[in-house]
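Source file: my_file_2.pdb; contents: PDB, C-alpha atoms.
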ATOM      1  CA  MET X 210       0.000   0.000   0.000
ATOM      2  CA  LEU X 211       1.336   3.461  -0.826
ATOM      3  CA  THR X 212       1.393   6.192   1.748
ATOM      4  CA  THR X 213       1.240   9.372  -0.240
ATOM      5  CA  GLU X 214      -1.213  10.558  -2.849
ATOM      6  CA  ASN X 215       1.627  11.863  -5.017
ATOM      7  CA  GLU X 216       3.303   8.483  -5.013
ATOM      8  CA  ALA X 217       0.049   6.703  -5.853
ATOM      9  CA  PHE X 218      -0.779   9.035  -8.729
ATOM     10  CA  GLN X 219       2.780   8.877 -10.044
ATOM     11  CA  ARG X 220       2.654   5.113 -10.191
ATOM     12  CA  ALA X 221      -0.903   5.137 -11.576
ATOM     13  CA  VAL X 222       0.111   7.442 -14.441
ATOM     14  CA  GLU X 223       3.138   5.291 -15.250
ATOM     15  CA  GLU X 224       1.143   2.042 -15.122
ATOM     16  CA  ILE X 225      -1.855   3.251 -17.136
ATOM     17  CA  PHE X 226       0.288   4.931 -19.780
ATOM     18  CA  ASN X 227       2.410   1.828 -20.111
ATOM     19  CA  SER X 228      -0.326  -0.818 -20.051
ATOM     20  CA  CYS X 229      -3.124   0.972 -21.927
ATOM     21  CA  LEU X 230      -1.245   3.274 -24.258
ATOM     22  CA  GLY X 231       2.083   1.509 -24.706
ATOM     23  CA  CYS X 232       3.745   4.815 -23.835
ATOM     24  CA  ASP X 233       6.461   4.959 -21.188
ATOM     25  CA  ALA X 234       6.154   7.849 -18.739
ATOM     26  CA  LYS X 235       8.881   8.951 -16.353
ATOM     27  CA  LEU X 236       8.416  11.450 -13.543
ATOM     28  CA  LYS X 237      10.515  14.540 -14.260
ATOM     29  CA  GLU X 238       9.676  16.710 -11.266
ATOM     30  CA  VAL X 239       7.124  17.505  -8.601
ATOM     31  CA  GLY X 240       6.268  21.085  -7.737
ATOM     32  CA  GLU X 241       3.508  23.606  -7.252
ATOM     33  CA  SER X 242       1.263  24.245 -10.227
ATOM     34  CA  THR X 243       2.397  27.259 -12.219
ATOM     35  CA  THR X 244       1.249  29.113 -15.303
ATOM     36  CA  ALA X 245       3.881  27.136 -17.226
ATOM     37  CA  ASP X 246       1.619  24.121 -16.752
ATOM     38  CA  ARG X 247      -0.958  25.787 -19.012
ATOM     39  CA  ILE X 248       0.940  24.806 -22.142
ATOM     40  CA  ASN X 249      -0.912  21.536 -22.653
ATOM     41  CA  GLU X 250      -4.323  22.299 -24.055
ATOM     42  CA  ILE X 251      -6.442  19.285 -23.146
ATOM     43  CA  LYS X 252      -7.264  18.577 -19.509
ATOM     44  CA  GLY X 253      -9.079  15.567 -18.110
ATOM     45  CA  ILE X 254     -10.462  16.403 -14.662
ATOM     46  CA  ILE X 255     -11.962  14.122 -12.044
ATOM     47  CA  GLY X 256     -13.370  14.921  -8.606
ATOM     48  CA  ILE X 257     -12.646  12.706  -5.618
ATOM     49  CA  SER X 258     -14.804  12.757  -2.500
ATOM     50  CA  GLY X 259     -15.112  10.936   0.793
ATOM     51  CA  ALA X 260     -12.151  10.066   3.003
ATOM     52  CA  LEU X 261      -9.891  11.601   0.391
ATOM     53  CA  CYS X 262     -11.276  14.804  -1.123
ATOM     54  CA  GLY X 263     -10.078  16.843  -4.009
ATOM     55  CA  THR X 264      -9.442  17.033  -7.688
ATOM     56  CA  ALA X 265      -7.023  15.406 -10.108
ATOM     57  CA  ALA X 266      -6.364  16.875 -13.533
ATOM     58  CA  LEU X 267      -4.313  15.353 -16.329
ATOM     59  CA  SER X 268      -3.008  17.823 -18.921
ATOM     60  CA  VAL X 269      -1.851  16.592 -22.301
ATOM     61  CA  SER X 270      -1.042  18.129 -25.661
ATOM     62  CA  ARG X 271      -3.339  17.736 -28.629
ATOM     63  CA  ASP X 272      -0.742  15.490 -30.301
ATOM     64  CA  PHE X 273      -0.538  13.292 -27.192
ATOM     65  CA  ALA X 274      -4.336  13.026 -27.064
ATOM     66  CA  TYR X 275      -4.467  11.952 -30.727
ATOM     67  CA  LYS X 276      -1.801   9.297 -30.184
ATOM     68  CA  ALA X 277      -3.471   8.065 -26.986
ATOM     69  CA  THR X 278      -6.799   7.762 -28.808
ATOM     70  CA  GLY X 279      -5.036   5.843 -31.559
ATOM     71  CA  ALA X 280      -3.495   3.496 -29.010
ATOM     72  CA  LEU X 281      -6.913   2.782 -27.491
ATOM     73  CA  LEU X 282      -8.923   2.469 -30.689
ATOM     74  CA  GLY X 283      -6.423   1.395 -33.322
ATOM     75  CA  ASP X 284      -6.984   4.423 -35.562
ATOM     76  CA  THR X 285      -5.224   7.709 -34.803
ATOM     77  CA  PRO X 286      -7.527  10.684 -35.317
ATOM     78  CA  HIS X 287      -6.252  13.807 -37.069
ATOM     79  CA  GLU X 288      -8.706  16.225 -35.552
ATOM     80  CA  LEU X 289     -10.221  16.925 -32.167
ATOM     81  CA  ASN X 290     -13.376  14.805 -32.100
ATOM     82  CA  SER X 291     -15.561  13.079 -29.518
ATOM     83  CA  ASP X 292     -13.287  10.011 -29.492
ATOM     84  CA  VAL X 293     -10.352  12.169 -28.387
ATOM     85  CA  VAL X 294     -12.412  13.798 -25.641
ATOM     86  CA  ASP X 295     -13.721  10.424 -24.449
ATOM     87  CA  ALA X 296     -10.225   8.928 -24.526
ATOM     88  CA  VAL X 297      -8.737  11.656 -22.318
ATOM     89  CA  GLY X 298     -11.676  11.325 -19.909
ATOM     90  CA  GLU X 299     -11.284   7.561 -19.759
ATOM     91  CA  ILE X 300      -7.531   7.797 -19.174
ATOM     92  CA  VAL X 301      -7.912  10.163 -16.203
ATOM     93  CA  ASN X 302     -10.725   7.951 -14.903
ATOM     94  CA  MET X 303      -8.467   4.877 -15.004
ATOM     95  CA  ILE X 304      -5.554   6.767 -13.432
ATOM     96  CA  ALA X 305      -7.692   7.972 -10.521
ATOM     97  CA  GLY X 306      -9.211   4.514 -10.095
ATOM     98  CA  ARG X 307      -5.795   2.888 -10.059
ATOM     99  CA  ALA X 308      -4.447   5.487  -7.596
ATOM    100  CA  ARG X 309      -7.368   4.784  -5.277
ATOM    101  CA  VAL X 310      -6.588   1.069  -5.354
ATOM    102  CA  LEU X 311      -2.883   1.762  -4.705
ATOM    103  CA  LEU X 312      -3.807   3.938  -1.730
ATOM    104  CA  GLY X 313      -6.050   1.189  -0.409
ATOM    105  CA  ASN X 314      -8.647   3.815   0.321
ATOM    106  CA  GLU X 315     -12.100   2.394  -0.317
ATOM    107  CA  ALA X 316     -13.970   5.191   1.429
ATOM    108  CA  THR X 317     -13.652   7.470  -1.575
ATOM    109  CA  ASN X 318     -15.840   8.117  -4.557
ATOM    110  CA  MET X 319     -14.936   9.434  -7.957
ATOM    111  CA  SER X 320     -16.995  11.782 -10.080
ATOM    112  CA  LEU X 321     -17.504  11.271 -13.776
ATOM    113  CA  PRO X 322     -14.539  12.757 -15.647
ATOM    114  CA  SER X 323     -14.773  16.093 -17.447
ATOM    115  CA  VAL X 324     -12.574  17.255 -20.289
ATOM    116  CA  ILE X 325     -11.622  20.873 -20.857
ATOM    117  CA  LEU X 326     -10.238  22.054 -24.171
ATOM    118  CA  GLY X 327      -7.954  25.039 -24.562
ATOM    119  CA  GLN X 328      -5.028  26.357 -22.556
ATOM    120  CA  CYS X 329      -6.204  27.230 -19.080
ATOM    121  CA  GLU X 330      -5.070  27.257 -15.486
ATOM    122  CA  ILE X 331      -6.832  25.384 -12.721
ATOM    123  CA  ALA X 332      -7.206  27.622  -9.658
ATOM    124  CA  PHE X 333      -7.648  25.609  -6.498
ATOM    125  CA  GLY X 334      -8.568  28.452  -4.137
ATOM    126  CA  SER X 335      -6.639  30.324  -1.471
ATOM    127  CA  GLU X 336      -6.431  27.425   0.988
ATOM    128  CA  ASN X 337      -5.587  24.734  -1.495
ATOM    129  CA  HIS X 338      -2.267  24.613  -3.306
ATOM    130  CA  GLY X 339      -2.123  22.263  -6.213
ATOM    131  CA  THR X 340       0.805  19.930  -6.658
ATOM    132  CA  CYS X 341       1.960  19.225 -10.176
ATOM    133  CA  LEU X 342       3.590  15.951 -11.171
ATOM    134  CA  ARG X 343       5.395  16.558 -14.470
ATOM    135  CA  PHE X 344       6.240  13.597 -16.678
ATOM    136  CA  ASP X 345       8.362  13.035 -19.744
ATOM    137  CA  THR X 346       6.833  10.573 -22.172
ATOM    138  CA  ALA X 347       7.682   9.294 -25.628
ATOM    139  CA  TRP X 348       4.880  11.548 -26.895
ATOM    140  CA  GLY X 349       5.929  14.720 -25.089
ATOM    141  CA  SER X 350       5.414  16.256 -21.662
ATOM    142  CA  VAL X 351       2.263  15.685 -19.621
ATOM    143  CA  SER X 352       1.339  16.842 -16.149
ATOM    144  CA  MET X 353      -0.928  15.636 -13.373
ATOM    145  CA  GLU X 354      -2.199  18.371 -11.074
ATOM    146  CA  LEU X 355      -3.523  17.285  -7.692
ATOM    147  CA  VAL X 356      -5.221  19.000  -4.802
ATOM    148  CA  LEU X 357      -6.135  16.333  -2.291
ATOM    149  CA  LYS X 358      -6.878  16.309   1.412
ATOM    150  CA  GLN X 359      -7.469  13.465   3.832
ATOM    151  CA  HIS X 360     -10.921  13.847   5.422
ATOM    152  CA  SER X 361     -11.204  10.529   7.164
ATOM    153  CA  LYS X 362     -13.448  11.914   9.917
ATOM    154  CA  SER X 363     -15.493  14.239   7.765
ATOM    155  CA  PRO X 364     -19.174  13.289   7.788
ATOM    156  CA  ILE X 365     -19.839  15.294   4.651
ATOM    157  CA  PRO X 366     -17.921  14.197   1.575
ATOM    158  CA  SER X 367     -17.073  17.082  -0.670
ATOM    159  CA  VAL X 368     -15.100  17.790  -3.812
ATOM    160  CA  THR X 369     -12.601  20.637  -3.610
ATOM    161  CA  PRO X 370     -14.011  23.592  -5.547
ATOM    162  CA  VAL X 371     -11.924  24.653  -8.499
ATOM    163  CA  ALA X 372     -12.118  27.441 -11.047
ATOM    164  CA  ILE X 373     -10.906  27.205 -14.608
ATOM    165  CA  LEU X 374      -9.056  30.363 -15.656
ATOM    166  CA  ALA X 375      -8.770  30.839 -19.404
TER     167      ALA X 375
ATOM    168  CA  MET T 124     -23.021 -16.476 -32.135
ATOM    169  CA  ASP T 125     -26.497 -15.000 -32.231
ATOM    170  CA  GLN T 126     -26.702 -13.706 -28.674
ATOM    171  CA  LYS T 127     -28.007 -10.222 -28.069
ATOM    172  CA  VAL T 128     -25.845  -8.139 -25.748
ATOM    173  CA  LEU T 129     -26.543  -4.866 -23.931
ATOM    174  CA  LEU T 130     -23.421  -2.714 -23.547
ATOM    175  CA  ALA T 131     -23.646   0.223 -21.099
ATOM    176  CA  ASP T 132     -20.786   2.708 -20.679
ATOM    177  CA  ASP T 133     -20.793   6.496 -20.749
ATOM    178  CA  SER T 134     -17.445   6.540 -22.534
ATOM    179  CA  GLY T 135     -17.821   6.213 -26.287
ATOM    180  CA  VAL T 136     -14.202   5.115 -26.561
ATOM    181  CA  MET T 137     -14.705   2.336 -24.022
ATOM    182  CA  ARG T 138     -17.859   1.178 -25.828
ATOM    183  CA  LYS T 139     -15.872   0.958 -29.063
ATOM    184  CA  ILE T 140     -13.112  -1.064 -27.384
ATOM    185  CA  ILE T 141     -15.594  -3.501 -25.831
ATOM    186  CA  LEU T 142     -17.648  -3.674 -29.022
ATOM    187  CA  ARG T 143     -14.522  -4.671 -30.934
ATOM    188  CA  ALA T 144     -13.917  -7.472 -28.417
ATOM    189  CA  LEU T 145     -17.538  -8.601 -28.731
ATOM    190  CA  ASN T 146     -17.276  -8.654 -32.521
ATOM    191  CA  ALA T 147     -14.053 -10.657 -32.279
ATOM    192  CA  ALA T 148     -15.917 -13.152 -30.087
ATOM    193  CA  GLY T 149     -18.558 -13.457 -32.801
ATOM    194  CA  VAL T 150     -21.200 -11.238 -31.204
ATOM    195  CA  THR T 151     -22.589  -8.670 -33.613
ATOM    196  CA  ASP T 152     -26.049  -8.036 -32.156
ATOM    197  CA  VAL T 153     -25.174  -5.349 -29.604
ATOM    198  CA  VAL T 154     -27.316  -2.520 -28.230
ATOM    199  CA  GLU T 155     -25.282   0.368 -26.812
ATOM    200  CA  ALA T 156     -26.375   2.616 -23.947
ATOM    201  CA  ALA T 157     -24.553   5.783 -22.873
ATOM    202  CA  ASP T 158     -25.851   5.775 -19.292
ATOM    203  CA  GLY T 159     -27.537   3.508 -16.769
ATOM    204  CA  ALA T 160     -31.049   4.838 -17.301
ATOM    205  CA  GLN T 161     -30.800   4.345 -21.049
ATOM    206  CA  ALA T 162     -29.579   0.810 -20.431
ATOM    207  CA  TRP T 163     -32.454   0.054 -18.041
ATOM    208  CA  THR T 164     -34.988   1.345 -20.574
ATOM    209  CA  ALA T 165     -33.441  -0.827 -23.263
ATOM    210  CA  PHE T 166     -33.437  -3.830 -20.932
ATOM    211  CA  GLN T 167     -37.153  -3.460 -20.193
ATOM    212  CA  THR T 168     -38.111  -3.423 -23.852
ATOM    213  CA  THR T 169     -35.703  -5.948 -25.362
ATOM    214  CA  GLN T 170     -34.727  -9.534 -24.605
ATOM    215  CA  PHE T 171     -30.972  -9.681 -23.961
ATOM    216  CA  ASP T 172     -28.710 -12.664 -23.365
ATOM    217  CA  MET T 173     -25.959 -10.762 -21.574
ATOM    218  CA  VAL T 174     -25.231  -7.316 -20.111
ATOM    219  CA  LEU T 175     -21.828  -5.637 -19.975
ATOM    220  CA  THR T 176     -21.865  -2.518 -17.839
ATOM    221  CA  ASP T 177     -19.638   0.162 -16.395
ATOM    222  CA  TRP T 178     -20.183   1.134 -12.732
ATOM    223  CA  ASN T 179     -19.867   4.942 -12.745
ATOM    224  CA  MET T 180     -22.397   6.306 -15.212
ATOM    225  CA  PRO T 181     -24.728   9.298 -15.309
ATOM    226  CA  MET T 182     -28.437   8.926 -14.454
ATOM    227  CA  MET T 183     -28.109   5.425 -13.003
ATOM    228  CA  THR T 184     -25.011   3.556 -11.842
ATOM    229  CA  GLY T 185     -24.092   0.144 -13.146
ATOM    230  CA  LEU T 186     -24.719  -1.251  -9.663
ATOM    231  CA  ASP T 187     -28.289   0.094  -9.647
ATOM    232  CA  LEU T 188     -28.782  -1.234 -13.162
ATOM    233  CA  LEU T 189     -27.623  -4.654 -11.937
ATOM    234  CA  LYS T 190     -29.981  -4.498  -8.933
ATOM    235  CA  ASN T 191     -32.901  -3.559 -11.202
ATOM    236  CA  ILE T 192     -32.117  -6.443 -13.538
ATOM    237  CA  ARG T 193     -32.026  -8.956 -10.683
ATOM    238  CA  GLN T 194     -35.152  -7.497  -9.035
ATOM    239  CA  ALA T 195     -36.903  -7.972 -12.359
ATOM    240  CA  GLY T 196     -36.153 -11.687 -11.996
ATOM    241  CA  SER T 197     -33.567 -11.946 -14.750
ATOM    242  CA  THR T 198     -30.659 -14.356 -14.285
ATOM    243  CA  ILE T 199     -28.727 -13.500 -17.434
ATOM    244  CA  PRO T 200     -24.961 -12.921 -17.100
ATOM    245  CA  VAL T 201     -24.101  -9.364 -16.066
ATOM    246  CA  ILE T 202     -20.417  -8.446 -16.287
ATOM    247  CA  MET T 203     -19.161  -5.252 -14.626
ATOM    248  CA  ILE T 204     -16.252  -3.612 -16.441
ATOM    249  CA  THR T 205     -15.062  -0.826 -14.190
ATOM    250  CA  THR T 206     -12.314   0.955 -12.259
ATOM    251  CA  GLU T 207     -14.279   0.133  -9.063
ATOM    252  CA  SER T 208     -12.083  -2.840  -8.299
ATOM    253  CA  GLU T 209     -11.558  -2.527  -4.539
ATOM    254  CA  ARG T 210     -12.549  -5.503  -2.426
ATOM    255  CA  GLY T 211     -15.537  -3.773  -0.829
ATOM    256  CA  ARG T 212     -16.988  -2.745  -4.175
ATOM    257  CA  VAL T 213     -16.505  -6.205  -5.634
ATOM    258  CA  ILE T 214     -18.336  -7.698  -2.643
ATOM    259  CA  GLU T 215     -21.138  -5.141  -3.077
ATOM    260  CA  ALA T 216     -21.486  -6.144  -6.720
ATOM    261  CA  ILE T 217     -21.415  -9.865  -5.881
ATOM    262  CA  GLN T 218     -24.137  -9.359  -3.273
ATOM    263  CA  ALA T 219     -26.201  -7.567  -5.923
ATOM    264  CA  GLY T 220     -25.849 -10.568  -8.235
ATOM    265  CA  VAL T 221     -23.018  -9.719 -10.608
ATOM    266  CA  SER T 222     -21.858 -12.668 -12.702
ATOM    267  CA  ASP T 223     -18.310 -11.518 -13.355
ATOM    268  CA  PHE T 224     -16.043  -8.576 -12.782
ATOM    269  CA  LEU T 225     -13.401  -7.058 -15.056
ATOM    270  CA  PRO T 226     -11.322  -4.212 -13.609
ATOM    271  CA  LYS T 227     -10.202  -1.390 -15.901
ATOM    272  CA  PRO T 228      -7.675  -1.233 -17.401
ATOM    273  CA  PHE T 229      -8.026  -4.716 -18.789
ATOM    274  CA  GLU T 230      -6.135  -6.865 -21.244
ATOM    275  CA  ASN T 231      -8.205  -7.590 -24.349
ATOM    276  CA  GLU T 232      -7.361 -11.265 -23.959
ATOM    277  CA  LEU T 233      -8.967 -11.335 -20.499
ATOM    278  CA  LEU T 234     -12.134  -9.653 -21.774
ATOM    279  CA  GLN T 235     -12.262 -12.169 -24.646
ATOM    280  CA  GLU T 236     -11.786 -14.990 -22.171
ATOM    281  CA  LYS T 237     -14.703 -13.838 -20.006
ATOM    282  CA  LEU T 238     -16.953 -13.261 -23.010
ATOM    283  CA  VAL T 239     -16.261 -16.700 -24.438
ATOM    284  CA  LYS T 240     -16.822 -18.289 -21.012
ATOM    285  CA  HIS T 241     -20.243 -16.726 -20.494
ATOM    286  CA  LEU T 242     -21.348 -16.936 -24.120
ATOM    287  CA  SER T 243     -20.361 -20.606 -24.310
ATOM    288  CA  ALA T 244     -22.387 -21.289 -21.158
ATOM    289  CA  LEU T 245     -25.372 -19.626 -22.826
ATOM    290  CA  ALA T 246     -24.973 -21.665 -25.997
ATOM    291  CA  SER T 247     -24.762 -25.008 -24.171
TER     292      SER T 247
END

I need this file expressed as structure tokens, please.
Amino acid sequence: MLTTENEAFQRAVEEIFNSCLGCDAKLKEVGESTTADRINEIKGIIGISGALCGTAALSVSRDFAYKATGALLGDTPHELNSDVVDAVGEIVNMIAGRARVLLGNEATNMSLPSVILGQCEIAFGSENHGTCLRFDTAWGSVSMELVLKQHSKSPIPSVTPVAILA
Amino acid sequence: MDQKVLLADDSGVMRKIILRALNAAGVTDVVEAADGAQAWTAFQTTQFDMVLTDWNMPMMTGLDLLKNIRQAGSTIPVIMITTESERGRVIEAIQAGVSDFLPKPFENELLQEKLVKHLSALAS
């Protein structure tokens, strides 16, 4: 069982990319989210509630999203279509699901994934500082932004509010 | 095989992946549903031989869909294909009457294996 959320999400990204996409991912650095993380223009976002509350957002380039869709479906799209959006949503869904298993934390629930198109920054609010896991992959850089809190005694599960800044 | 299969998943990409596996297993008569409520409506109006369903879906979860199917008296195979693979969730699904469980991400070979197993049981 892993002890930290960062560690769980790192391993989940590496495992899902490798097993589902055939794309090796290697953690480059961990730091606070910055405006530099806006460069990738497709974000898959998923809310987590319960004992562990927060949000996880995977940011990938358009080219990465096309290649990932191709890896899942067999045909690589050449334009941004519903398959690409669904693929990014499904990938972040599988990453969050895998991270939850690695954390051994059953008292959490995941929202349905959302996908945001266009360069934007995720603002986590004044009391929440997002952590960004930055990865190098064969298809370019990707990042996983996390804002997660342990709420094991909280009677009211909640998802951390976020704002999307264009 | 001439079995009729109901496939429920809110992800179009996942439906395509599973549909491809079904086709490879010889199943071509597949009704797709993009959420649990749509799947339940389809189930009430059509005779299916098997249901493949995600857990987390809008409108109605796969677990509630499974419970509805069993409460309606149906014993057909229902396979959950989902990221909800923790022990507690698996037990919850088993108690609700799930026939088999396939955690995402899955190897295509394993999905094929489960499909052939349940479809062969139907054919015999």

(message) the ChimeraX specification (/X :<8) & /T - which residues does that actually catch in the file I just gave you? List them as a VMD selection string.
(response) chain T and resid 134 to 137 139 to 140 179 to 181 206 to 209 211 227 to 228

Write the selection just made, keeping C-alpha atoms, as a PDB file, in the frame of the given file?
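Produced file selection.pdb, reproduced below:
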ATOM      1  CA  SER T 134     -17.445   6.540 -22.534  1.00  0.00           C
ATOM      2  CA  GLY T 135     -17.821   6.213 -26.287  1.00  0.00           C
ATOM      3  CA  VAL T 136     -14.202   5.115 -26.561  1.00  0.00           C
ATOM      4  CA  MET T 137     -14.705   2.336 -24.022  1.00  0.00           C
ATOM      5  CA  LYS T 139     -15.872   0.958 -29.063  1.00  0.00           C
ATOM      6  CA  ILE T 140     -13.112  -1.064 -27.384  1.00  0.00           C
ATOM      7  CA  ASN T 179     -19.867   4.942 -12.745  1.00  0.00           C
ATOM      8  CA  MET T 180     -22.397   6.306 -15.212  1.00  0.00           C
ATOM      9  CA  PRO T 181     -24.728   9.298 -15.309  1.00  0.00           C
ATOM     10  CA  THR T 206     -12.314   0.955 -12.259  1.00  0.00           C
ATOM     11  CA  GLU T 207     -14.279   0.133  -9.063  1.00  0.00           C
ATOM     12  CA  SER T 208     -12.083  -2.840  -8.299  1.00  0.00           C
ATOM     13  CA  GLU T 209     -11.558  -2.527  -4.539  1.00  0.00           C
ATOM     14  CA  GLY T 211     -15.537  -3.773  -0.829  1.00  0.00           C
ATOM     15  CA  LYS T 227     -10.202  -1.390 -15.901  1.00  0.00           C
ATOM     16  CA  PRO T 228      -7.675  -1.233 -17.401  1.00  0.00           C
TER      17      PRO T 228
END

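When CA of Leu312 (chain X) is paired with CA of Ala217 (chain X), their separation reads 6.3 Å.
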
(request) Considering all atoms listed in the file, return as a PyMOL selection string whatever protein or nucleic-acid residues lie within 8 Å of region 191-203 of chain T, sequence-local ones (same chain, fewer than 3 positions apart) excluded. (result) chain T and resi 163+166+171-178+185+187-188+219-226+241

(message) Report, in Å to a single decimal, how far apart CA of Glu354 (chain X) and CA of Ala266 (chain X) are.
(response) 5.1 Å

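For the structure shown here, the set of residues caught by the PyMOL selection byres ((chain X and resi 239) around 6) is X:Glu238, X:Gly240, X:Cys341, X:Leu342.
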
(message) Using Å and a single decimal, report how far CA of Gln126 (chain T) sits from CA of Arg138 (chain T).
(response) 17.5 Å

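The smallest atom-to-atom distance between Ile141 (chain T) and any of T:Leu233, T:Leu242, T:Met183, T:Ala162, using all atoms listed in the file, is found for T:Leu233.
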
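Against this structure, the PyMOL selection byres ((chain X and resi 250) around 8) ends up with Arg247, Ile248, Asn249, Ile251, Lys252, Ser268, Val269, Ser270, Arg271, Leu326, Gly327, Gln328 and Cys329 of chain X.
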
Let me see the file: selected residues, C-alpha atoms, as a PDB file, keeping the file's coordinate frame.
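Heads up, here's the output in result37.pdb:
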ATOM      1  CA  ARG X 247      -0.958  25.787 -19.012  1.00  0.00           C
ATOM      2  CA  ILE X 248       0.940  24.806 -22.142  1.00  0.00           C
ATOM      3  CA  ASN X 249      -0.912  21.536 -22.653  1.00  0.00           C
ATOM      4  CA  ILE X 251      -6.442  19.285 -23.146  1.00  0.00           C
ATOM      5  CA  LYS X 252      -7.264  18.577 -19.509  1.00  0.00           C
ATOM      6  CA  SER X 268      -3.008  17.823 -18.921  1.00  0.00           C
ATOM      7  CA  VAL X 269      -1.851  16.592 -22.301  1.00  0.00           C
ATOM      8  CA  SER X 270      -1.042  18.129 -25.661  1.00  0.00           C
ATOM      9  CA  ARG X 271      -3.339  17.736 -28.629  1.00  0.00           C
ATOM     10  CA  LEU X 326     -10.238  22.054 -24.171  1.00  0.00           C
ATOM     11  CA  GLY X 327      -7.954  25.039 -24.562  1.00  0.00           C
ATOM     12  CA  GLN X 328      -5.028  26.357 -22.556  1.00  0.00           C
ATOM     13  CA  CYS X 329      -6.204  27.230 -19.080  1.00  0.00           C
TER      14      CYS X 329
END

Specify the axis-aligned box that encloses all atoms of region 322-325 of chain X listed in the file after padding of 4 Å on each side, stating its centre and edge lengths in Å to one decimal as AutoDock Vina command-line options.
--center_x -13.2 --center_y 16.8 --center_z -18.3 --size_x 11.2 --size_y 16.1 --size_z 13.2

(message) Quick one: residues within 7 Å of Lys235 (chain X), all atoms listed in the file, excluding same-chain residues fewer than 4 positions away - as a count of residues only?
(response) 4

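For the choices X:Thr340, X:Ala274, X:Glu216, X:Val301, the atom-to-atom distance to Leu289 (chain X) is smallest for X:Ala274 when using only C-alpha atoms.
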
(message) Given all atoms listed in the file as the basis, pick out the residue of X:Thr264, X:Ser352, X:Gln359, X:Ser258 nearest to Ser242 (chain X).
(response) X:Ser352
